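**Q** Pasting my_file-v7.pdb below, which is PDB, C-alpha atoms.
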```
ATOM      1  CA  MET A   7       0.000   0.000   0.000  1.00  0.00           C
ATOM      2  CA  THR A   8       1.353   3.428  -0.923  1.00  0.00           C
ATOM      3  CA  ALA A   9       0.966   6.468   1.260  1.00  0.00           C
ATOM      4  CA  LEU A  10      -0.701   9.519  -0.179  1.00  0.00           C
ATOM      5  CA  THR A  11       1.729  12.324  -0.879  1.00  0.00           C
ATOM      6  CA  GLU A  12       1.209  15.947  -1.689  1.00  0.00           C
ATOM      7  CA  ALA A  13       1.152  16.642  -5.419  1.00  0.00           C
ATOM      8  CA  GLN A  14       4.337  18.152  -6.762  1.00  0.00           C
ATOM      9  CA  PRO A  15       4.046  21.059  -9.173  1.00  0.00           C
ATOM     10  CA  GLU A  16       4.887  20.219 -12.766  1.00  0.00           C
ATOM     11  CA  ALA A  17       7.960  21.773 -14.296  1.00  0.00           C
ATOM     12  CA  VAL A  18       7.059  24.747 -16.446  1.00  0.00           C
ATOM     13  CA  THR A  19       9.139  25.774 -19.399  1.00  0.00           C
ATOM     14  CA  LEU A  20       9.549  29.444 -20.146  1.00  0.00           C
ATOM     15  CA  ASP A  21       7.870  29.201 -23.556  1.00  0.00           C
ATOM     16  CA  GLU A  22       4.560  27.867 -22.163  1.00  0.00           C
ATOM     17  CA  PRO A  23       1.884  30.558 -21.995  1.00  0.00           C
ATOM     18  CA  ARG A  24       0.442  30.998 -18.536  1.00  0.00           C
ATOM     19  CA  ALA A  25      -3.141  31.963 -17.821  1.00  0.00           C
ATOM     20  CA  THR A  26      -3.224  35.344 -16.157  1.00  0.00           C
ATOM     21  CA  ARG A  27      -6.870  35.305 -15.126  1.00  0.00           C
ATOM     22  CA  LEU A  28      -9.264  33.107 -13.213  1.00  0.00           C
ATOM     23  CA  ALA A  29     -12.978  33.345 -14.023  1.00  0.00           C
ATOM     24  CA  ILE A  30     -15.356  31.569 -11.635  1.00  0.00           C
ATOM     25  CA  ILE A  31     -19.108  31.042 -11.927  1.00  0.00           C
ATOM     26  CA  ALA A  32     -20.905  30.565  -8.592  1.00  0.00           C
ATOM     27  CA  SER A  33     -24.414  29.238  -9.235  1.00  0.00           C
ATOM     28  CA  HIS A  34     -25.214  27.428  -5.978  1.00  0.00           C
ATOM     29  CA  GLY A  35     -25.935  28.991  -2.601  1.00  0.00           C
ATOM     30  CA  THR A  36     -25.074  26.281  -0.102  1.00  0.00           C
ATOM     31  CA  LEU A  37     -22.181  26.483   2.345  1.00  0.00           C
ATOM     32  CA  ASP A  38     -20.312  23.564   0.795  1.00  0.00           C
ATOM     33  CA  THR A  39     -20.476  25.116  -2.685  1.00  0.00           C
ATOM     34  CA  ALA A  40     -19.679  28.663  -1.510  1.00  0.00           C
ATOM     35  CA  TYR A  41     -16.223  27.920  -0.113  1.00  0.00           C
ATOM     36  CA  PRO A  42     -14.415  26.640  -3.248  1.00  0.00           C
ATOM     37  CA  PRO A  43     -14.902  29.784  -5.363  1.00  0.00           C
ATOM     38  CA  PHE A  44     -13.472  31.985  -2.613  1.00  0.00           C
ATOM     39  CA  ILE A  45     -10.604  29.676  -1.673  1.00  0.00           C
ATOM     40  CA  LEU A  46      -9.537  29.446  -5.323  1.00  0.00           C
ATOM     41  CA  ALA A  47     -10.127  33.158  -5.953  1.00  0.00           C
ATOM     42  CA  THR A  48      -8.018  34.301  -3.014  1.00  0.00           C
ATOM     43  CA  ALA A  49      -5.238  31.825  -3.889  1.00  0.00           C
ATOM     44  CA  ALA A  50      -5.211  33.056  -7.501  1.00  0.00           C
ATOM     45  CA  ALA A  51      -5.166  36.692  -6.358  1.00  0.00           C
ATOM     46  CA  ALA A  52      -2.186  35.873  -4.112  1.00  0.00           C
ATOM     47  CA  MET A  53      -0.495  34.507  -7.264  1.00  0.00           C
ATOM     48  CA  ASP A  54      -1.044  37.900  -8.937  1.00  0.00           C
ATOM     49  CA  MET A  55      -3.801  36.662 -11.211  1.00  0.00           C
ATOM     50  CA  GLU A  56      -6.792  38.807 -12.107  1.00  0.00           C
ATOM     51  CA  VAL A  57      -9.882  37.126 -10.684  1.00  0.00           C
ATOM     52  CA  ALA A  58     -13.625  37.527 -11.171  1.00  0.00           C
ATOM     53  CA  ILE A  59     -16.460  35.569  -9.602  1.00  0.00           C
ATOM     54  CA  PHE A  60     -19.819  35.740 -11.400  1.00  0.00           C
ATOM     55  CA  PHE A  61     -22.754  35.038  -9.074  1.00  0.00           C
ATOM     56  CA  THR A  62     -25.795  33.762 -10.903  1.00  0.00           C
ATOM     57  CA  PHE A  63     -29.147  32.320  -9.808  1.00  0.00           C
ATOM     58  CA  TYR A  64     -28.821  30.677  -6.364  1.00  0.00           C
ATOM     59  CA  GLY A  65     -25.179  31.752  -6.154  1.00  0.00           C
ATOM     60  CA  LEU A  66     -26.566  35.198  -5.308  1.00  0.00           C
ATOM     61  CA  GLU A  67     -27.401  33.792  -1.840  1.00  0.00           C
ATOM     62  CA  ILE A  68     -23.671  33.935  -1.054  1.00  0.00           C
ATOM     63  CA  ILE A  69     -23.505  37.690  -1.567  1.00  0.00           C
ATOM     64  CA  LYS A  70     -26.778  38.719   0.044  1.00  0.00           C
ATOM     65  CA  LYS A  71     -26.299  40.993   3.048  1.00  0.00           C
ATOM     66  CA  GLY A  72     -25.966  38.963   6.239  1.00  0.00           C
ATOM     67  CA  LYS A  73     -26.168  35.575   4.481  1.00  0.00           C
ATOM     68  CA  ALA A  74     -22.550  34.407   3.998  1.00  0.00           C
ATOM     69  CA  ASP A  75     -22.074  33.089   7.513  1.00  0.00           C
ATOM     70  CA  HIS A  76     -25.591  31.631   7.637  1.00  0.00           C
ATOM     71  CA  LEU A  77     -25.567  29.438   4.528  1.00  0.00           C
ATOM     72  CA  GLN A  78     -26.418  25.805   5.156  1.00  0.00           C
ATOM     73  CA  VAL A  79     -25.379  22.352   3.959  1.00  0.00           C
ATOM     74  CA  ALA A  80     -28.156  20.148   2.626  1.00  0.00           C
ATOM     75  CA  PRO A  81     -27.797  16.547   3.854  1.00  0.00           C
ATOM     76  CA  ILE A  82     -30.397  15.307   1.339  1.00  0.00           C
ATOM     77  CA  ALA A  83     -29.039  14.014  -1.981  1.00  0.00           C
ATOM     78  CA  ASN A  84     -25.488  14.847  -0.949  1.00  0.00           C
ATOM     79  CA  PRO A  85     -23.782  11.460  -1.321  1.00  0.00           C
ATOM     80  CA  ALA A  86     -20.290  12.871  -0.914  1.00  0.00           C
ATOM     81  CA  MET A  87     -20.802  13.769   2.728  1.00  0.00           C
ATOM     82  CA  PRO A  88     -18.138  12.034   4.837  1.00  0.00           C
ATOM     83  CA  LEU A  89     -20.820  10.633   7.103  1.00  0.00           C
ATOM     84  CA  PRO A  90     -23.415   9.147   4.739  1.00  0.00           C
ATOM     85  CA  VAL A  91     -26.926  10.247   5.624  1.00  0.00           C
ATOM     86  CA  PRO A  92     -29.780   8.278   4.068  1.00  0.00           C
ATOM     87  CA  ASN A  93     -32.306  10.654   2.476  1.00  0.00           C
ATOM     88  CA  ILE A  94     -35.050   9.492   4.836  1.00  0.00           C
ATOM     89  CA  ILE A  95     -32.872  10.573   7.805  1.00  0.00           C
ATOM     90  CA  GLY A  96     -31.741  13.779   6.048  1.00  0.00           C
ATOM     91  CA  MET A  97     -35.365  14.886   5.806  1.00  0.00           C
ATOM     92  CA  LEU A  98     -35.851  14.841   9.579  1.00  0.00           C
ATOM     93  CA  PRO A  99     -36.135  18.224  11.300  1.00  0.00           C
ATOM     94  CA  GLY A 100     -32.756  19.516  12.439  1.00  0.00           C
ATOM     95  CA  MET A 101     -30.618  17.483  10.022  1.00  0.00           C
ATOM     96  CA  THR A 102     -29.704  20.487   7.851  1.00  0.00           C
ATOM     97  CA  ALA A 103     -28.637  22.384  10.963  1.00  0.00           C
ATOM     98  CA  ALA A 104     -26.606  19.368  12.118  1.00  0.00           C
ATOM     99  CA  ALA A 105     -24.865  19.007   8.741  1.00  0.00           C
ATOM    100  CA  THR A 106     -24.139  22.740   8.703  1.00  0.00           C
ATOM    101  CA  ALA A 107     -22.721  22.681  12.247  1.00  0.00           C
ATOM    102  CA  MET A 108     -20.585  19.687  11.317  1.00  0.00           C
ATOM    103  CA  MET A 109     -19.075  21.547   8.343  1.00  0.00           C
ATOM    104  CA  HIS A 110     -18.440  24.683  10.426  1.00  0.00           C
ATOM    105  CA  ASN A 111     -16.679  22.477  12.981  1.00  0.00           C
ATOM    106  CA  TRP A 112     -14.463  20.904  10.275  1.00  0.00           C
ATOM    107  CA  MET A 113     -13.562  24.311   8.862  1.00  0.00           C
ATOM    108  CA  ASP A 114     -12.781  25.701  12.316  1.00  0.00           C
ATOM    109  CA  ARG A 115     -10.567  22.702  13.165  1.00  0.00           C
ATOM    110  CA  ALA A 116      -8.692  23.210   9.893  1.00  0.00           C
ATOM    111  CA  HIS A 117      -8.350  26.954  10.651  1.00  0.00           C
ATOM    112  CA  VAL A 118     -10.214  27.920   7.484  1.00  0.00           C
ATOM    113  CA  PRO A 119     -11.669  31.421   7.743  1.00  0.00           C
ATOM    114  CA  HIS A 120     -15.437  31.744   7.846  1.00  0.00           C
ATOM    115  CA  LEU A 121     -17.013  32.564   4.519  1.00  0.00           C
ATOM    116  CA  GLY A 122     -17.632  36.210   5.461  1.00  0.00           C
ATOM    117  CA  GLU A 123     -13.912  36.604   6.168  1.00  0.00           C
ATOM    118  CA  LEU A 124     -13.010  34.973   2.842  1.00  0.00           C
ATOM    119  CA  ILE A 125     -15.296  37.398   1.035  1.00  0.00           C
ATOM    120  CA  ASP A 126     -13.532  40.310   2.761  1.00  0.00           C
ATOM    121  CA  ILE A 127     -10.129  38.857   1.847  1.00  0.00           C
ATOM    122  CA  ALA A 128     -11.256  38.463  -1.766  1.00  0.00           C
ATOM    123  CA  ARG A 129     -12.441  42.080  -1.958  1.00  0.00           C
ATOM    124  CA  GLU A 130      -9.221  43.342  -0.330  1.00  0.00           C
ATOM    125  CA  SER A 131      -7.232  41.259  -2.849  1.00  0.00           C
ATOM    126  CA  GLY A 132      -8.946  42.892  -5.803  1.00  0.00           C
ATOM    127  CA  VAL A 133     -11.183  39.981  -6.781  1.00  0.00           C
ATOM    128  CA  ARG A 134     -14.056  41.256  -8.912  1.00  0.00           C
ATOM    129  CA  LEU A 135     -17.410  40.116  -7.524  1.00  0.00           C
ATOM    130  CA  ILE A 136     -20.046  40.365 -10.259  1.00  0.00           C
ATOM    131  CA  ALA A 137     -23.747  39.831  -9.537  1.00  0.00           C
ATOM    132  CA  CYS A 138     -25.755  38.683 -12.560  1.00  0.00           C
ATOM    133  CA  GLN A 139     -28.280  41.364 -13.518  1.00  0.00           C
ATOM    134  CA  MET A 140     -30.650  38.882 -15.168  1.00  0.00           C
ATOM    135  CA  SER A 141     -30.634  36.620 -12.083  1.00  0.00           C
ATOM    136  CA  LEU A 142     -31.335  39.633  -9.864  1.00  0.00           C
ATOM    137  CA  ASP A 143     -34.330  40.458 -12.040  1.00  0.00           C
ATOM    138  CA  VAL A 144     -35.574  36.853 -12.166  1.00  0.00           C
ATOM    139  CA  LEU A 145     -35.296  36.422  -8.400  1.00  0.00           C
ATOM    140  CA  GLY A 146     -36.714  39.862  -7.614  1.00  0.00           C
ATOM    141  CA  LEU A 147     -33.579  41.063  -5.848  1.00  0.00           C
ATOM    142  CA  LYS A 148     -32.306  44.643  -5.676  1.00  0.00           C
ATOM    143  CA  ARG A 149     -28.784  46.065  -5.367  1.00  0.00           C
ATOM    144  CA  ASP A 150     -29.573  46.980  -1.751  1.00  0.00           C
ATOM    145  CA  ASP A 151     -30.113  43.277  -0.958  1.00  0.00           C
ATOM    146  CA  LEU A 152     -26.434  42.564  -1.696  1.00  0.00           C
ATOM    147  CA  ILE A 153     -23.169  43.205   0.122  1.00  0.00           C
ATOM    148  CA  ASP A 154     -21.071  46.242  -0.737  1.00  0.00           C
ATOM    149  CA  GLY A 155     -18.183  46.120  -3.173  1.00  0.00           C
ATOM    150  CA  LEU A 156     -19.965  44.287  -5.990  1.00  0.00           C
ATOM    151  CA  GLU A 157     -20.402  44.970  -9.653  1.00  0.00           C
ATOM    152  CA  ILE A 158     -23.730  44.338 -11.331  1.00  0.00           C
ATOM    153  CA  GLY A 159     -23.358  42.984 -14.837  1.00  0.00           C
ATOM    154  CA  GLY A 160     -24.781  40.636 -17.366  1.00  0.00           C
ATOM    155  CA  ALA A 161     -23.353  37.558 -18.989  1.00  0.00           C
ATOM    156  CA  ALA A 162     -21.462  39.738 -21.472  1.00  0.00           C
ATOM    157  CA  THR A 163     -19.581  41.440 -18.609  1.00  0.00           C
ATOM    158  CA  PHE A 164     -18.362  38.093 -17.326  1.00  0.00           C
ATOM    159  CA  LEU A 165     -17.667  36.660 -20.781  1.00  0.00           C
ATOM    160  CA  GLU A 166     -15.571  39.685 -21.716  1.00  0.00           C
ATOM    161  CA  PHE A 167     -13.378  39.000 -18.680  1.00  0.00           C
ATOM    162  CA  ALA A 168     -13.281  35.212 -19.161  1.00  0.00           C
ATOM    163  CA  SER A 169     -12.524  35.396 -22.886  1.00  0.00           C
ATOM    164  CA  ARG A 170      -9.112  36.921 -22.342  1.00  0.00           C
ATOM    165  CA  ASN A 171      -6.681  34.208 -21.284  1.00  0.00           C
ATOM    166  CA  ALA A 172      -8.686  32.951 -18.292  1.00  0.00           C
ATOM    167  CA  ILE A 173      -9.031  29.626 -16.587  1.00  0.00           C
ATOM    168  CA  THR A 174     -12.794  29.236 -16.129  1.00  0.00           C
ATOM    169  CA  LEU A 175     -14.385  27.184 -13.333  1.00  0.00           C
ATOM    170  CA  THR A 176     -18.006  26.584 -12.384  1.00  0.00           C
ATOM    171  CA  PHE A 177     -19.416  25.820  -8.940  1.00  0.00           C
TER     172      PHE A 177
END
```
Would you mind writing the structure in this file as structure tokens?

**A**
Amino acid sequence: MTALTEAQPEAVTLDEPRATRLAIIASHGTLDTAYPPFILATAAAAMDMEVAIFFTFYGLEIIKKGKADHLQVAPIANPAMPLPVPNIIGMLPGMTAAATAMMHNWMDRAHVPHLGELIDIARESGVRLIACQMSLDVLGLKRDDLIDGLEIGGAATFLEFASRNAITLTF
């Protein structure tokens, strides 16, 4: 049996073009799907990359005022949870709160900042946070419903950024 080892970075030759931008689409508003965009965005910003996160549909939950540190983890239909929860059990009252508390506990033990702190770090690092205008309209949300420091833009705003030498990820 082989032990797991940390991945070693590949050697890069000087003639290989390097992406200079990271474009992320955040379309889900649960705690477990809100962390990856911000962890990757802040890491890319620390590597001097230009970064934009485009929040669309339920991803707007992440950037609503007062919501970031109150997002939840759904135990139903989430087969990747480390402690498997049968759907019949996941539907019981209190299971979403239990799954959410469990994830907060894991993040705290690993010394991962709370989501609100990661959002602040992203803004301070120059990460562009773009709220989808069409999704705002569809969901009946207003600019005042969202945190400060955001841009409001349509798909074209995000695509203009992503089309110029960007790695693009979706969550």

**Q** Translate the PyMOL selection byres ((chain A and resi 69) around 10) into a concrete residue list for this structure, as a JSON list (two decimals) with C-alpha atoms, keeping the file's coordinate frame.

**A**
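Saved as out03.json:
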```
[["chain", "number", "residue", "atom", "x", "y", "z"],
["A", 35, "GLY", "CA", -25.94, 28.99, -2.60],
["A", 40, "ALA", "CA", -19.68, 28.66, -1.51],
["A", 61, "PHE", "CA", -22.75, 35.04, -9.07],
["A", 65, "GLY", "CA", -25.18, 31.75, -6.15],
["A", 66, "LEU", "CA", -26.57, 35.20, -5.31],
["A", 67, "GLU", "CA", -27.40, 33.79, -1.84],
["A", 68, "ILE", "CA", -23.67, 33.94, -1.05],
["A", 70, "LYS", "CA", -26.78, 38.72, 0.04],
["A", 71, "LYS", "CA", -26.30, 40.99, 3.05],
["A", 72, "GLY", "CA", -25.97, 38.96, 6.24],
["A", 73, "LYS", "CA", -26.17, 35.58, 4.48],
["A", 74, "ALA", "CA", -22.55, 34.41, 4.00],
["A", 122, "GLY", "CA", -17.63, 36.21, 5.46],
["A", 125, "ILE", "CA", -15.30, 37.40, 1.03],
["A", 135, "LEU", "CA", -17.41, 40.12, -7.52],
["A", 136, "ILE", "CA", -20.05, 40.36, -10.26],
["A", 137, "ALA", "CA", -23.75, 39.83, -9.54],
["A", 151, "ASP", "CA", -30.11, 43.28, -0.96],
["A", 152, "LEU", "CA", -26.43, 42.56, -1.70],
["A", 153, "ILE", "CA", -23.17, 43.20, 0.12],
["A", 154, "ASP", "CA", -21.07, 46.24, -0.74],
["A", 156, "LEU", "CA", -19.96, 44.29, -5.99]]
```

**Q** Evaluate the PyMOL selection byres ((chain A and resi 42-57) around 12) against this structure - the residues, as an mmCIF file with C-alpha atoms, keeping the file's coordinate frame, please.

**A**
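Dumped to result36.cif:
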```
data_model
loop_
_atom_site.group_PDB
_atom_site.id
_atom_site.type_symbol
_atom_site.label_atom_id
_atom_site.label_comp_id
_atom_site.auth_asym_id
_atom_site.auth_seq_id
_atom_site.Cartn_x
_atom_site.Cartn_y
_atom_site.Cartn_z
ATOM 1 C CA ARG A 24 0.442 30.998 -18.536
ATOM 2 C CA ALA A 25 -3.141 31.963 -17.821
ATOM 3 C CA THR A 26 -3.224 35.344 -16.157
ATOM 4 C CA ARG A 27 -6.870 35.305 -15.126
ATOM 5 C CA LEU A 28 -9.264 33.107 -13.213
ATOM 6 C CA ALA A 29 -12.978 33.345 -14.023
ATOM 7 C CA ILE A 30 -15.356 31.569 -11.635
ATOM 8 C CA ILE A 31 -19.108 31.042 -11.927
ATOM 9 C CA ALA A 32 -20.905 30.565 -8.592
ATOM 10 C CA SER A 33 -24.414 29.238 -9.235
ATOM 11 C CA HIS A 34 -25.214 27.428 -5.978
ATOM 12 C CA GLY A 35 -25.935 28.991 -2.601
ATOM 13 C CA THR A 36 -25.074 26.281 -0.102
ATOM 14 C CA LEU A 37 -22.181 26.483 2.345
ATOM 15 C CA ASP A 38 -20.312 23.564 0.795
ATOM 16 C CA THR A 39 -20.476 25.116 -2.685
ATOM 17 C CA ALA A 40 -19.679 28.663 -1.510
ATOM 18 C CA TYR A 41 -16.223 27.920 -0.113
ATOM 19 C CA ALA A 58 -13.625 37.527 -11.171
ATOM 20 C CA ILE A 59 -16.460 35.569 -9.602
ATOM 21 C CA PHE A 60 -19.819 35.740 -11.400
ATOM 22 C CA PHE A 61 -22.754 35.038 -9.074
ATOM 23 C CA GLY A 65 -25.179 31.752 -6.154
ATOM 24 C CA ILE A 68 -23.671 33.935 -1.054
ATOM 25 C CA ILE A 69 -23.505 37.690 -1.567
ATOM 26 C CA ALA A 74 -22.550 34.407 3.998
ATOM 27 C CA VAL A 118 -10.214 27.920 7.484
ATOM 28 C CA PRO A 119 -11.669 31.421 7.743
ATOM 29 C CA HIS A 120 -15.437 31.744 7.846
ATOM 30 C CA LEU A 121 -17.013 32.564 4.519
ATOM 31 C CA GLY A 122 -17.632 36.210 5.461
ATOM 32 C CA GLU A 123 -13.912 36.604 6.168
ATOM 33 C CA LEU A 124 -13.010 34.973 2.842
ATOM 34 C CA ILE A 125 -15.296 37.398 1.035
ATOM 35 C CA ASP A 126 -13.532 40.310 2.761
ATOM 36 C CA ILE A 127 -10.129 38.857 1.847
ATOM 37 C CA ALA A 128 -11.256 38.463 -1.766
ATOM 38 C CA ARG A 129 -12.441 42.080 -1.958
ATOM 39 C CA GLU A 130 -9.221 43.342 -0.330
ATOM 40 C CA SER A 131 -7.232 41.259 -2.849
ATOM 41 C CA GLY A 132 -8.946 42.892 -5.803
ATOM 42 C CA VAL A 133 -11.183 39.981 -6.781
ATOM 43 C CA ARG A 134 -14.056 41.256 -8.912
ATOM 44 C CA LEU A 135 -17.410 40.116 -7.524
ATOM 45 C CA ILE A 136 -20.046 40.365 -10.259
ATOM 46 C CA PHE A 164 -18.362 38.093 -17.326
ATOM 47 C CA PHE A 167 -13.378 39.000 -18.680
ATOM 48 C CA ALA A 168 -13.281 35.212 -19.161
ATOM 49 C CA ARG A 170 -9.112 36.921 -22.342
ATOM 50 C CA ASN A 171 -6.681 34.208 -21.284
ATOM 51 C CA ALA A 172 -8.686 32.951 -18.292
ATOM 52 C CA ILE A 173 -9.031 29.626 -16.587
ATOM 53 C CA THR A 174 -12.794 29.236 -16.129
ATOM 54 C CA LEU A 175 -14.385 27.184 -13.333
ATOM 55 C CA THR A 176 -18.006 26.584 -12.384
ATOM 56 C CA PHE A 177 -19.416 25.820 -8.940
#
```

**Q** Can you list, as a VMD selection string, the residues that the PyMOL selection byres ((chain A and resi 103) around 12) selects here?

**A** chain A and resid 37 76 to 81 96 to 102 104 to 110

**Q** Can you spit out the residues from that selection as a compact mmCIF listing (two decimals), in the frame of the given file, using C-alpha atoms?

**A**
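The resulting file, result05.txt, is shown below:
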```txt
# COMPACT_ATOMS: atom_id res chain seq x y z
CA LEU A 37 -22.18 26.48 2.35
CA HIS A 76 -25.59 31.63 7.64
CA LEU A 77 -25.57 29.44 4.53
CA GLN A 78 -26.42 25.80 5.16
CA VAL A 79 -25.38 22.35 3.96
CA ALA A 80 -28.16 20.15 2.63
CA PRO A 81 -27.80 16.55 3.85
CA GLY A 96 -31.74 13.78 6.05
CA MET A 97 -35.36 14.89 5.81
CA LEU A 98 -35.85 14.84 9.58
CA PRO A 99 -36.14 18.22 11.30
CA GLY A 100 -32.76 19.52 12.44
CA MET A 101 -30.62 17.48 10.02
CA THR A 102 -29.70 20.49 7.85
CA ALA A 104 -26.61 19.37 12.12
CA ALA A 105 -24.86 19.01 8.74
CA THR A 106 -24.14 22.74 8.70
CA ALA A 107 -22.72 22.68 12.25
CA MET A 108 -20.58 19.69 11.32
CA MET A 109 -19.08 21.55 8.34
CA HIS A 110 -18.44 24.68 10.43
```

**Q** Report the distance between CA of Glu166 (chain A) and CA of Leu145 (chain A) in Å, rounded to one decimal place.

**A** 24.0 Å

**Q** To one decimal place, how far is CA of Ala161 (chain A) from CA of Leu142 (chain A) in Å?

**A** 12.3 Å

**Q** How would region 30-46 of chain A read, as a PDB file, keeping the file's coordinate frame, once N, CA and C atoms are built in?

**A**
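Written output follows (part_15.pdb):
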```
ATOM      1  N   ILE A  30     -14.591  32.561 -12.380  1.00  0.00           N
ATOM      2  CA  ILE A  30     -15.356  31.569 -11.635  1.00  0.00           C
ATOM      3  C   ILE A  30     -16.839  31.904 -11.718  1.00  0.00           C
ATOM      4  N   ILE A  31     -17.651  30.884 -11.956  1.00  0.00           N
ATOM      5  CA  ILE A  31     -19.108  31.042 -11.927  1.00  0.00           C
ATOM      6  C   ILE A  31     -19.612  30.359 -10.663  1.00  0.00           C
ATOM      7  N   ALA A  32     -20.306  31.105  -9.811  1.00  0.00           N
ATOM      8  CA  ALA A  32     -20.905  30.565  -8.592  1.00  0.00           C
ATOM      9  C   ALA A  32     -22.421  30.543  -8.790  1.00  0.00           C
ATOM     10  N   SER A  33     -22.980  29.342  -8.942  1.00  0.00           N
ATOM     11  CA  SER A  33     -24.414  29.238  -9.235  1.00  0.00           C
ATOM     12  C   SER A  33     -25.197  28.497  -8.159  1.00  0.00           C
ATOM     13  N   HIS A  34     -24.538  28.132  -7.068  1.00  0.00           N
ATOM     14  CA  HIS A  34     -25.214  27.428  -5.978  1.00  0.00           C
ATOM     15  C   HIS A  34     -25.013  28.205  -4.680  1.00  0.00           C
ATOM     16  N   GLY A  35     -25.985  28.187  -3.810  1.00  0.00           N
ATOM     17  CA  GLY A  35     -25.935  28.991  -2.601  1.00  0.00           C
ATOM     18  C   GLY A  35     -25.860  28.206  -1.314  1.00  0.00           C
ATOM     19  N   THR A  36     -25.240  27.035  -1.338  1.00  0.00           N
ATOM     20  CA  THR A  36     -25.074  26.281  -0.102  1.00  0.00           C
ATOM     21  C   THR A  36     -23.661  26.496   0.432  1.00  0.00           C
ATOM     22  N   LEU A  37     -23.476  26.256   1.711  1.00  0.00           N
ATOM     23  CA  LEU A  37     -22.181  26.483   2.345  1.00  0.00           C
ATOM     24  C   LEU A  37     -21.072  25.679   1.676  1.00  0.00           C
ATOM     25  N   ASP A  38     -21.349  24.414   1.373  1.00  0.00           N
ATOM     26  CA  ASP A  38     -20.312  23.564   0.795  1.00  0.00           C
ATOM     27  C   ASP A  38     -19.944  23.958  -0.631  1.00  0.00           C
ATOM     28  N   THR A  39     -20.811  24.675  -1.331  1.00  0.00           N
ATOM     29  CA  THR A  39     -20.476  25.116  -2.685  1.00  0.00           C
ATOM     30  C   THR A  39     -20.013  26.574  -2.705  1.00  0.00           C
ATOM     31  N   ALA A  40     -20.112  27.269  -1.578  1.00  0.00           N
ATOM     32  CA  ALA A  40     -19.679  28.663  -1.510  1.00  0.00           C
ATOM     33  C   ALA A  40     -18.188  28.787  -1.197  1.00  0.00           C
ATOM     34  N   TYR A  41     -17.642  27.844  -0.474  1.00  0.00           N
ATOM     35  CA  TYR A  41     -16.223  27.920  -0.113  1.00  0.00           C
ATOM     36  C   TYR A  41     -15.272  27.797  -1.310  1.00  0.00           C
ATOM     37  N   PRO A  42     -15.410  26.802  -2.183  1.00  0.00           N
ATOM     38  CA  PRO A  42     -14.415  26.640  -3.248  1.00  0.00           C
ATOM     39  C   PRO A  42     -14.173  27.873  -4.119  1.00  0.00           C
ATOM     40  N   PRO A  43     -15.200  28.605  -4.547  1.00  0.00           N
ATOM     41  CA  PRO A  43     -14.902  29.784  -5.363  1.00  0.00           C
ATOM     42  C   PRO A  43     -14.011  30.800  -4.641  1.00  0.00           C
ATOM     43  N   PHE A  44     -14.245  30.988  -3.348  1.00  0.00           N
ATOM     44  CA  PHE A  44     -13.472  31.985  -2.613  1.00  0.00           C
ATOM     45  C   PHE A  44     -12.081  31.494  -2.242  1.00  0.00           C
ATOM     46  N   ILE A  45     -11.938  30.218  -1.956  1.00  0.00           N
ATOM     47  CA  ILE A  45     -10.604  29.676  -1.673  1.00  0.00           C
ATOM     48  C   ILE A  45      -9.737  29.775  -2.927  1.00  0.00           C
ATOM     49  N   LEU A  46     -10.292  29.363  -4.071  1.00  0.00           N
ATOM     50  CA  LEU A  46      -9.537  29.446  -5.323  1.00  0.00           C
ATOM     51  C   LEU A  46      -9.292  30.898  -5.738  1.00  0.00           C
TER      52      LEU A  46
END
```
